[in-house]
>>> print(open('entry_36.txt').read())   # compact mmCIF, C-alpha atoms
# COMPACT_ATOMS: atom_id res chain seq x y z
CA MET A 1 -18.94 -40.40 12.19
CA THR A 2 -15.49 -39.55 10.89
CA GLU A 3 -13.67 -36.65 12.41
CA LYS A 4 -13.44 -33.51 10.29
CA ARG A 5 -9.84 -32.73 9.45
CA ILE A 6 -7.89 -30.07 7.59
CA THR A 7 -4.41 -29.91 6.13
CA ILE A 8 -2.17 -27.04 7.15
CA ARG A 9 0.98 -26.48 5.09
CA ALA A 10 3.37 -24.31 7.05
CA THR A 11 6.71 -22.81 6.08
CA ARG A 12 9.68 -24.31 7.89
CA PHE A 13 13.09 -22.70 7.92
CA ASP A 14 15.92 -23.45 10.29
CA PRO A 15 18.73 -20.92 9.70
CA GLU A 16 21.24 -23.42 11.12
CA LYS A 17 20.32 -26.20 8.67
CA ASP A 18 18.23 -25.00 5.72
CA ARG A 19 19.42 -23.03 2.72
CA SER A 20 15.87 -21.95 1.91
CA PRO A 21 12.38 -22.34 3.37
CA ARG A 22 10.25 -25.39 2.63
CA LEU A 23 6.62 -26.33 3.27
CA GLN A 24 5.61 -29.02 5.72
CA SER A 25 2.11 -30.51 5.85
CA TYR A 26 0.17 -31.19 9.03
CA ASP A 27 -3.15 -32.99 9.06
CA ILE A 28 -5.04 -31.80 12.13
CA PRO A 29 -8.59 -32.12 13.51
CA PHE A 30 -10.99 -29.33 12.58
CA SER A 31 -13.12 -29.80 15.65
CA ASP A 32 -14.74 -26.42 16.07
CA GLU A 33 -16.28 -24.09 13.48
CA SER A 34 -14.83 -21.11 15.33
CA MET A 35 -11.25 -22.34 14.83
CA VAL A 36 -8.89 -19.86 13.20
CA VAL A 37 -5.54 -20.46 11.52
CA LEU A 38 -3.76 -19.38 14.70
CA ASP A 39 -5.65 -22.11 16.62
CA ALA A 40 -4.45 -24.59 14.03
CA LEU A 41 -0.84 -23.46 14.48
CA ASN A 42 -1.21 -23.65 18.25
CA HIS A 43 -2.59 -27.19 17.89
CA ILE A 44 0.40 -28.19 15.76
CA LYS A 45 2.82 -26.69 18.26
CA ALA A 46 1.10 -28.28 21.26
CA HIS A 47 0.34 -31.73 19.85
CA VAL A 48 2.31 -32.40 16.66
CA ASP A 49 5.55 -30.43 16.35
CA GLY A 50 6.74 -28.22 19.19
CA SER A 51 9.54 -26.77 17.10
CA LEU A 52 7.22 -24.71 14.87
CA SER A 53 7.98 -21.01 15.43
CA TYR A 54 5.61 -18.09 14.91
CA ARG A 55 4.56 -14.87 16.64
CA TRP A 56 1.26 -14.33 18.34
CA SER A 57 -0.12 -12.72 21.44
CA CYS A 58 -3.66 -11.42 21.96
CA ARG A 59 -5.74 -13.72 19.70
CA MET A 60 -8.26 -10.92 19.15
CA GLY A 61 -6.94 -8.72 16.33
CA ILE A 62 -5.46 -6.06 18.57
CA CYS A 63 -1.76 -6.76 19.01
CA GLY A 64 -0.92 -7.21 15.31
CA SER A 65 1.60 -9.98 16.06
CA CYS A 66 0.16 -12.92 14.14
CA GLY A 67 0.19 -11.56 10.60
CA MET A 68 1.14 -14.22 8.04
CA MET A 69 0.42 -15.16 4.45
CA VAL A 70 -2.67 -17.38 4.40
CA ASN A 71 -3.06 -18.98 0.97
CA GLY A 72 -1.01 -16.13 -0.48
CA THR A 73 -2.90 -13.27 1.17
CA PRO A 74 -1.58 -11.27 4.15
CA LYS A 75 -3.92 -11.89 7.08
CA LEU A 76 -4.04 -11.85 10.84
CA THR A 77 -4.15 -15.58 11.55
CA CYS A 78 -6.36 -14.93 14.58
CA ASN A 79 -8.96 -13.59 12.18
CA ALA A 80 -8.68 -16.20 9.39
CA PHE A 81 -11.33 -18.86 9.99
CA LEU A 82 -10.67 -22.44 8.91
CA ARG A 83 -14.31 -22.77 7.84
CA ASP A 84 -13.63 -20.24 5.06
CA TYR A 85 -11.03 -22.58 3.53
CA TRP A 86 -12.15 -26.12 4.40
CA PRO A 87 -12.08 -28.67 2.73
CA ARG A 88 -9.16 -27.12 0.85
CA SER A 89 -5.78 -27.13 2.52
CA ILE A 90 -4.36 -23.94 3.96
CA THR A 91 -0.84 -22.75 3.22
CA VAL A 92 0.63 -20.55 5.93
CA GLU A 93 3.81 -18.64 5.10
CA PRO A 94 5.69 -15.75 6.69
CA LEU A 95 4.74 -12.26 5.54
CA THR A 96 6.30 -11.64 2.14
CA ASN A 97 8.80 -8.85 1.52
CA PHE A 98 10.52 -9.46 4.86
CA PRO A 99 13.61 -11.53 5.71
CA ILE A 100 12.69 -14.82 7.38
CA VAL A 101 14.33 -15.49 10.74
CA ARG A 102 12.82 -18.91 11.38
CA ASP A 103 9.74 -20.78 10.15
CA LEU A 104 6.93 -18.18 10.19
CA VAL A 105 8.91 -15.51 12.02
CA ILE A 106 10.07 -12.45 10.07
CA ASP A 107 12.72 -9.85 10.82
CA MET A 108 10.91 -6.61 11.76
CA GLU A 109 14.01 -4.51 12.37
CA SER A 110 13.70 -2.43 9.21
CA PHE A 111 10.03 -1.72 9.89
CA MET A 112 10.69 -0.67 13.49
CA HIS A 113 13.36 1.76 12.29
CA LYS A 114 10.98 3.23 9.71
CA LEU A 115 8.27 3.59 12.31
CA LYS A 116 10.58 5.46 14.66
CA SER A 117 11.86 7.72 11.88
CA ILE A 118 8.48 9.43 11.40
CA LYS A 119 8.36 10.36 15.11
CA PRO A 120 4.97 8.84 15.93
CA TRP A 121 4.24 10.96 18.96
CA ILE A 122 2.84 14.42 19.69
CA ILE A 123 5.51 17.05 19.07
CA ARG A 124 5.08 20.47 20.64
CA LYS A 125 7.25 23.49 20.03
CA GLN A 126 6.88 24.36 23.66
CA ASP A 127 5.47 21.93 26.18
CA TYR A 128 2.88 23.22 28.59
CA PRO A 129 3.52 22.46 32.25
CA LEU A 130 1.26 19.66 33.46
CA GLY A 131 -0.63 22.10 35.66
CA ALA A 132 -1.75 24.07 32.61
CA GLY A 133 -4.29 21.35 31.82
CA GLU A 134 -4.99 19.10 28.88
CA HIS A 135 -4.90 19.85 25.15
CA ARG A 136 -8.59 19.92 24.29
CA GLN A 137 -9.95 18.63 20.98
CA THR A 138 -13.38 18.76 19.41
CA MET A 139 -14.94 15.60 17.92
CA GLU A 140 -14.39 17.09 14.46
CA GLN A 141 -10.70 17.50 15.18
CA ILE A 142 -10.48 13.87 16.35
CA ASP A 143 -12.38 12.65 13.28
CA GLU A 144 -9.68 14.22 11.10
CA PHE A 145 -7.13 11.58 12.13
CA ARG A 146 -9.14 8.86 13.92
CA GLN A 147 -9.01 6.37 11.05
CA PHE A 148 -5.22 6.51 10.83
CA SER A 149 -4.83 5.95 14.56
CA GLU A 150 -6.42 2.48 14.27
CA CYS A 151 -3.20 0.99 12.84
CA ILE A 152 -1.86 -1.91 14.93
CA ASN A 153 1.48 -2.20 13.11
CA CYS A 154 0.72 -5.71 11.90
CA MET A 155 2.71 -5.09 8.68
CA LEU A 156 0.15 -6.79 6.44
CA CYS A 157 0.24 -3.65 4.28
CA TYR A 158 3.99 -4.05 3.74
CA ALA A 159 3.49 -7.67 2.70
CA ALA A 160 0.81 -6.58 0.22
CA CYS A 161 2.86 -3.74 -1.23
CA PRO A 162 4.86 -4.70 -4.35
CA VAL A 163 6.62 -1.33 -4.22
CA TYR A 164 8.04 -2.27 -0.83
CA GLY A 165 8.83 -5.74 -2.14
CA LEU A 166 10.90 -4.25 -4.95
CA ASN A 167 12.49 -1.55 -2.82
CA ASN A 168 12.86 -2.24 0.88
CA GLU A 169 14.06 1.33 1.44
CA PHE A 170 10.50 2.57 0.83
CA LEU A 171 9.10 4.08 4.02
CA GLY A 172 5.95 2.06 3.47
CA PRO A 173 2.20 2.32 4.05
CA ALA A 174 1.85 1.98 7.84
CA ALA A 175 4.63 4.44 8.70
CA ILE A 176 3.25 7.08 6.33
CA ALA A 177 -0.32 6.54 7.59
CA LEU A 178 0.92 7.02 11.13
CA ALA A 179 2.83 10.16 10.15
CA ARG A 180 -0.38 11.52 8.67
CA ARG A 181 -2.23 10.61 11.85
CA TYR A 182 0.07 12.91 13.84
CA ASN A 183 0.27 15.61 11.19
CA LEU A 184 -3.53 15.86 11.23
CA ASP A 185 -3.71 15.96 15.02
CA SER A 186 -4.61 19.47 16.18
CA ARG A 187 -2.32 19.07 19.21
CA ASP A 188 0.72 18.30 17.10
CA GLN A 189 3.21 20.84 15.76
CA GLY A 190 5.81 18.48 14.35
CA ILE A 191 5.02 18.36 10.65
CA LYS A 192 8.27 20.12 9.73
CA GLU A 193 10.26 17.50 11.61
CA ARG A 194 8.51 14.67 9.75
CA LEU A 195 8.53 16.22 6.27
CA PRO A 196 12.19 15.43 5.46
CA VAL A 197 11.38 11.73 5.98
CA ILE A 198 7.91 11.43 4.48
CA ALA A 199 8.57 13.73 1.48
CA ASP A 200 11.86 11.99 0.71
CA SER A 201 12.27 10.06 -2.54
CA GLU A 202 11.92 6.85 -0.50
CA GLY A 203 8.82 8.27 1.17
CA ILE A 204 5.48 9.19 -0.35
CA TRP A 205 6.88 9.71 -3.86
CA GLU A 206 7.97 6.09 -4.11
CA CYS A 207 4.35 4.96 -3.87
CA SER A 208 2.64 4.41 -7.23
CA PHE A 209 -0.79 3.78 -5.72
CA VAL A 210 -1.22 0.05 -6.09
CA GLY A 211 -3.83 0.27 -3.33
CA GLU A 212 -3.50 -3.30 -2.04
CA CYS A 213 -2.30 -2.00 1.36
CA SER A 214 -5.76 -0.62 2.04
CA VAL A 215 -7.43 -3.81 0.83
CA VAL A 216 -5.61 -6.09 3.28
CA CYS A 217 -5.68 -3.81 6.35
CA PRO A 218 -7.56 -5.70 9.09
CA LYS A 219 -8.47 -2.49 10.93
CA GLY A 220 -9.99 -0.58 8.03
CA VAL A 221 -7.17 1.93 7.87
CA ASP A 222 -6.63 3.33 4.39
CA PRO A 223 -2.85 3.83 4.07
CA ALA A 224 -3.11 4.43 0.31
CA LYS A 225 -5.40 7.35 1.06
CA ALA A 226 -2.96 8.70 3.66
CA ILE A 227 -0.10 8.55 1.16
CA GLN A 228 -1.98 10.20 -1.72
CA GLN A 229 -3.36 12.95 0.51
CA THR A 230 0.11 13.57 1.91
CA LYS A 231 1.40 13.89 -1.67
CA LEU A 232 -1.25 16.54 -2.36
CA ASP A 233 -0.62 18.38 0.92
CA THR A 234 3.14 18.37 0.41
CA THR A 235 2.75 19.71 -3.13
CA MET A 236 0.39 22.43 -1.92
CA ARG A 237 2.85 23.45 0.78
CA PHE A 238 5.51 23.76 -1.92
CA VAL A 239 3.39 25.51 -4.55
CA LEU A 240 1.11 27.85 -2.64
CA PRO A 241 2.37 31.17 -1.30
CA TYR A 242 2.97 30.87 2.43
CA GLY A 243 2.30 27.12 2.05
CA ASN A 244 5.47 26.30 3.92
CA ARG A 245 4.90 28.82 6.64
CA ASP A 246 5.62 28.01 10.22
CA GLU A 247 2.58 26.51 11.95
CA MET B 1 15.58 5.37 3.82
CA LYS B 2 18.79 4.06 5.21
CA ALA B 3 19.21 2.28 8.51
CA PRO B 4 21.11 4.31 11.11
CA PRO B 5 24.78 3.57 11.62
CA ALA B 6 25.55 1.12 14.36
CA SER B 7 25.66 2.83 17.73
CA ALA B 8 26.94 1.87 21.12
CA ASP B 9 23.41 0.72 21.94
CA ALA B 10 23.36 -1.74 19.08
CA PRO B 11 23.71 -5.42 19.99
CA THR B 12 27.27 -6.57 19.59
CA SER B 13 26.52 -10.25 18.97
CA ALA B 14 26.50 -11.48 15.37
CA ALA B 15 23.09 -11.26 13.74
CA PRO B 16 21.44 -14.61 13.02
CA ARG B 17 21.37 -15.74 9.40
CA VAL B 18 18.11 -14.85 7.73
CA TYR B 19 16.57 -15.89 4.44
CA LYS B 20 15.87 -12.93 2.16
CA PRO B 21 13.14 -13.76 -0.34
CA GLU B 22 13.12 -11.98 -3.69
CA MET B 23 10.12 -11.05 -5.77
CA GLY B 24 9.85 -13.01 -8.99
CA ARG B 25 9.37 -11.20 -12.29
CA GLY B 26 5.86 -12.58 -12.58
CA TRP B 27 4.64 -11.16 -9.25
CA TRP B 28 2.02 -9.04 -11.02
CA LEU B 29 0.36 -12.10 -12.55
CA GLY B 30 -0.48 -13.64 -9.20
CA LYS B 31 -3.34 -11.34 -8.25
CA ARG B 32 -6.05 -9.59 -10.26
CA HIS B 33 -5.46 -6.35 -8.36
CA TYR B 34 -1.74 -6.37 -9.20
CA PHE B 35 -2.48 -7.21 -12.84
CA LEU B 36 -4.92 -4.30 -13.20
CA TYR B 37 -2.38 -2.01 -11.54
CA ILE B 38 0.29 -2.98 -14.07
CA VAL B 39 -2.19 -2.54 -16.94
CA ARG B 40 -3.03 0.93 -15.55
CA GLU B 41 0.65 1.86 -15.40
CA PHE B 42 1.38 0.32 -18.82
CA THR B 43 -1.35 2.34 -20.57
CA ALA B 44 0.86 5.43 -20.21
CA LEU B 45 3.41 3.95 -22.64
CA PRO B 46 1.23 3.57 -25.79
CA LEU B 47 -0.35 6.92 -24.90
CA ALA B 48 3.09 8.54 -24.91
CA LEU B 49 3.89 6.89 -28.27
CA TRP B 50 0.66 8.13 -29.79
CA LEU B 51 1.32 11.66 -28.52
CA LEU B 52 4.79 11.58 -30.07
CA TRP B 53 3.15 10.61 -33.36
CA PHE B 54 0.68 13.46 -32.85
CA LEU B 55 3.61 15.90 -32.52
CA VAL B 56 4.99 14.62 -35.83
CA GLU B 57 1.59 15.21 -37.45
CA ILE B 58 1.51 18.76 -36.08
CA GLN B 59 4.96 19.35 -37.55
CA ARG B 60 3.77 17.97 -40.91
CA ALA B 61 0.79 20.35 -40.81
CA SER B 62 2.97 23.36 -40.03
CA ASN B 63 2.94 24.54 -43.65
CA GLY B 64 -0.81 24.88 -43.72
CA PRO B 65 -3.76 22.70 -44.77
CA LYS B 66 -2.96 22.61 -48.48
CA GLY B 67 0.03 20.36 -48.34
CA TYR B 68 -1.17 18.25 -45.41
CA TYR B 69 -2.64 14.81 -45.74
CA PRO B 70 -3.46 13.07 -42.45
CA HIS B 71 -1.89 9.70 -41.87
CA SER B 72 -4.69 7.25 -42.51
CA SER B 73 -3.15 3.80 -42.89
CA ILE B 74 -5.16 0.91 -41.43
CA GLY B 75 -2.34 0.18 -39.01
CA PHE B 76 -2.39 3.69 -37.61
CA VAL B 77 -6.18 3.69 -37.27
CA VAL B 78 -6.11 0.36 -35.41
CA PHE B 79 -3.28 1.61 -33.18
CA SER B 80 -5.24 4.80 -32.48
CA VAL B 81 -8.38 2.86 -31.51
CA ILE B 82 -6.38 0.62 -29.15
CA VAL B 83 -4.70 3.68 -27.62
CA LEU B 84 -8.11 5.30 -27.22
CA GLY B 85 -9.19 2.27 -25.17
CA PHE B 86 -6.07 2.60 -23.03
CA ALA B 87 -6.67 6.33 -22.61
CA LEU B 88 -10.26 5.76 -21.50
CA TYR B 89 -9.18 3.08 -19.02
CA HIS B 90 -6.38 5.27 -17.64
CA THR B 91 -8.73 8.25 -17.30
CA TYR B 92 -11.40 6.13 -15.62
CA THR B 93 -8.98 4.73 -13.04
CA PHE B 94 -7.39 8.14 -12.43
CA LEU B 95 -10.69 9.98 -11.93
CA SER B 96 -12.13 7.15 -9.81
CA LEU B 97 -9.25 7.64 -7.38
CA ALA B 98 -9.87 11.39 -7.09
CA GLY B 99 -12.18 10.78 -4.14
CA VAL B 100 -9.31 9.17 -2.27
CA ILE B 101 -6.78 11.86 -3.08
CA ILE B 102 -8.81 15.07 -2.77
CA HIS B 103 -9.94 15.76 0.77
CA ILE B 104 -12.43 18.61 1.24
CA LYS B 105 -14.13 18.95 4.60
CA GLY B 106 -17.84 18.18 4.42
CA VAL B 107 -17.75 17.03 0.79
CA PRO B 108 -18.32 13.28 0.28
CA ALA B 109 -15.68 11.44 -1.76
CA ARG B 110 -18.39 10.19 -4.14
CA LEU B 111 -19.36 13.75 -5.00
CA ILE B 112 -15.73 14.63 -5.72
CA VAL B 113 -15.46 11.66 -8.11
CA LEU B 114 -18.71 12.59 -9.86
CA SER B 115 -17.54 16.18 -10.26
CA GLN B 116 -14.30 14.97 -11.89
CA PHE B 117 -16.23 12.82 -14.38
CA ALA B 118 -18.58 15.76 -15.08
CA LEU B 119 -15.57 18.02 -15.74
CA TRP B 120 -14.11 15.38 -18.05
CA LEU B 121 -17.38 15.21 -19.99
CA VAL B 122 -17.61 19.00 -20.30
CA ALA B 123 -13.97 19.27 -21.41
CA SER B 124 -14.48 16.50 -24.00
CA VAL B 125 -17.59 18.19 -25.42
CA VAL B 126 -15.83 21.57 -25.62
CA ILE B 127 -12.76 20.11 -27.36
CA ALA B 128 -14.93 18.10 -29.76
CA ALA B 129 -16.95 21.24 -30.57
CA VAL B 130 -13.77 23.23 -31.25
CA LEU B 131 -12.29 20.50 -33.48
CA ILE B 132 -15.53 20.00 -35.43
CA GLY B 133 -15.88 23.77 -35.73
CA PHE B 134 -12.38 24.08 -37.20
CA ALA B 135 -12.98 21.14 -39.55
CA ARG B 136 -15.94 22.97 -41.09
>>> encode(input="entry_36.txt", output="structure tokens")
Amino acid sequence: MTEKRITIRATRFDPEKDRSPRLQSYDIPFSDESMVVLDALNHIKAHVDGSLSYRWSCRMGICGSCGMMVNGTPKLTCNAFLRDYWPRSITVEPLTNFPIVRDLVIDMESFMHKLKSIKPWIIRKQDYPLGAGEHRQTMEQIDEFRQFSECINCMLCYAACPVYGLNNEFLGPAAIALARRYNLDSRDQGIKERLPVIADSEGIWECSFVGECSVVCPKGVDPAKAIQQTKLDTTMRFVLPYGNRDE
Amino acid sequence: MKAPPASADAPTSAAPRVYKPEMGRGWWLGKRHYFLYIVREFTALPLALWLLWFLVEIQRASNGPKGYYPHSSIGFVVFSVIVLGFALYHTYTFLSLAGVIIHIKGVPARLIVLSQFALWLVASVVIAAVLIGFAR
């Protein structure tokens, strides 16, 4: 019986030698139905070409490191099964809309800066001393923001967003979803510190609701929803009497 | 949003050369979702043109019904029918997204969408009744 095989075409780019990225084909054994694209890349690196560079860590859809374009769609490669593509070949490329550092590795610097700018932590006007006890929340209060707290910062939503592709200054889906997560948190009092960033022209108002960010999210977060609801909330704060009151 | 100015904490070594890909002009043709998004956005343009025409017609009718003859060339009728299709598509996509945008505690998104379509229907019937009433 002949061994089942699959062709992986991976982007190669050496900043010291190449002017632009190119695709290189690898024919590898498809020995196990549970194999994912990340397994295929690991096989190539271990047995075929050790110079192939890519990011990965947990292999279980938690760390958000292994996001790449799989046949043109942003996916976590640890969650993209070869059986869903075989016998066709699979093209693996770095996430679009980001500068490529090497092979399948992108430059995340801009994203990390955006993430930090929305202050993704609980902000209190006055911190309680530790001895005063915890900030209690009801299940209803947690349900308000739970969905948006599932984000693993994998950046698939940025790769799917043509608005970000056309304007890299756009704050982007994940950062805005995370800002909403904290703004909806009953323990948080930092909305006024985040508003100048999220309500900026490069923030929520840059989004024209393509919606693809929510389609590709591997954790079921709905960043498009977060952005549109933030638009509505921000407008209400501006329009309604006392809408911009101190909270 | 702009990147912060370099600080003392920033690495001093030269950044490695990176390849910056650019989006091609045909990016919206690559995926059905992108294509439908562009169609949705584009529908606003013929709608705006038709409304401009409508303003001209209102101006023409400003002297009363006696001297007014509505523009009824085949070309205008065809254009109006096409624009009607665009308007219906734009309205459908806009109202379908209402459940995502409007967030009311305890009210399911589906109900919000249905209420928007119901309001649209009521508004259309009222406007049609007024126009038909005036025409008689």
>>> residues_around(input="entry_36.txt", residues="A:Ala226", least_positions_apart="3", cutoff="8 Å", atoms="only C-alpha atoms", output="list in words")
Phe148, Ile176, Ala177, Arg180, Asp222, Pro223, Gln229 and Thr230 of chain A
>>> atom_distance(input="entry_36.txt", atom1="atom CA of A:Leu156", atom2="atom CA of B:Val113")
28.2 Å
>>> axis_aligned_box(input="entry_36.txt", around="stretch 59-70 of chain B", padding_each_side="5 Å", output="lines of an AutoDock Vina configuration file")
center_x = 0.6
center_y = 19.0
center_z = -43.0
size_x = 18.7
size_y = 21.8
size_z = 20.9
>>> atom_distance(input="entry_36.txt", atom1="atom CA of A:Pro241", atom2="atom CA of B:Ile104")
19.6 Å
>>> closest_residue(input="entry_36.txt", among="B:Leu51, B:Val100, B:Ile82, B:Val77", to="chain A", atoms="all atoms listed in the file")
B:Val100
>>> interface_residues(input="entry_36.txt", of="chain A", to="chain B", cutoff="9 Å", atoms="all atoms listed in the file", output="PyMOL selection string")
chain A and resi 13+15-16+19-21+96-102+106-107+110+113-114+162+165-166+168-171+197+200-203+208-212+224-232
>>> decode(input="entry_36.txt", residues="stretch 36-84 of chain A", atoms="C-alpha atoms", output="mmCIF file, in the first residue's frame")
data_model
loop_
_atom_site.group_PDB
_atom_site.id
_atom_site.type_symbol
_atom_site.label_atom_id
_atom_site.label_comp_id
_atom_site.auth_asym_id
_atom_site.auth_seq_id
_atom_site.Cartn_x
_atom_site.Cartn_y
_atom_site.Cartn_z
ATOM 1 C CA VAL A 36 -2.851 19.552 11.551
ATOM 2 C CA VAL A 37 -0.968 22.082 9.433
ATOM 3 C CA LEU A 38 1.283 22.871 12.401
ATOM 4 C CA ASP A 39 2.253 19.168 12.582
ATOM 5 C CA ALA A 40 3.128 19.342 8.904
ATOM 6 C CA LEU A 41 5.337 22.396 9.478
ATOM 7 C CA ASN A 42 6.988 20.688 12.444
ATOM 8 C CA HIS A 43 7.641 17.634 10.256
ATOM 9 C CA ILE A 44 9.254 19.809 7.591
ATOM 10 C CA LYS A 45 11.415 21.557 10.173
ATOM 11 C CA ALA A 46 12.452 18.303 11.865
ATOM 12 C CA HIS A 47 12.993 16.095 8.818
ATOM 13 C CA VAL A 48 13.197 18.158 5.617
ATOM 14 C CA ASP A 49 14.348 21.748 6.118
ATOM 15 C CA GLY A 50 15.431 22.968 9.539
ATOM 16 C CA SER A 51 15.676 26.557 8.362
ATOM 17 C CA LEU A 52 11.903 27.034 8.061
ATOM 18 C CA SER A 53 10.827 29.701 10.573
ATOM 19 C CA TYR A 54 7.395 30.091 12.159
ATOM 20 C CA ARG A 55 5.836 30.784 15.557
ATOM 21 C CA TRP A 56 4.028 28.250 17.642
ATOM 22 C CA SER A 57 3.712 27.218 21.243
ATOM 23 C CA CYS A 58 0.784 25.409 22.860
ATOM 24 C CA ARG A 59 -0.611 23.314 19.963
ATOM 25 C CA MET A 60 -4.106 23.532 21.464
ATOM 26 C CA GLY A 61 -5.647 26.830 20.321
ATOM 27 C CA ILE A 62 -4.874 28.739 23.496
ATOM 28 C CA CYS A 63 -1.670 30.700 22.974
ATOM 29 C CA GLY A 64 -2.618 32.299 19.642
ATOM 30 C CA SER A 65 0.950 32.035 18.314
ATOM 31 C CA CYS A 66 0.505 29.859 15.236
ATOM 32 C CA GLY A 67 -1.878 31.984 13.179
ATOM 33 C CA MET A 68 -1.071 31.860 9.455
ATOM 34 C CA MET A 69 -2.843 32.035 6.118
ATOM 35 C CA VAL A 70 -3.924 28.520 5.162
ATOM 36 C CA ASN A 71 -5.040 28.438 1.527
ATOM 37 C CA GLY A 72 -5.730 32.167 1.772
ATOM 38 C CA THR A 73 -7.739 32.087 5.002
ATOM 39 C CA PRO A 74 -6.392 33.210 8.393
ATOM 40 C CA LYS A 75 -6.328 30.177 10.678
ATOM 41 C CA LEU A 76 -4.621 28.789 13.730
ATOM 42 C CA THR A 77 -2.454 26.112 12.135
ATOM 43 C CA CYS A 78 -2.906 23.924 15.226
ATOM 44 C CA ASN A 79 -6.597 23.818 14.398
ATOM 45 C CA ALA A 80 -6.403 23.348 10.605
ATOM 46 C CA PHE A 81 -6.640 19.629 9.859
ATOM 47 C CA LEU A 82 -4.862 18.209 6.826
ATOM 48 C CA ARG A 83 -7.805 15.855 6.219
ATOM 49 C CA ASP A 84 -9.952 18.904 5.385
#
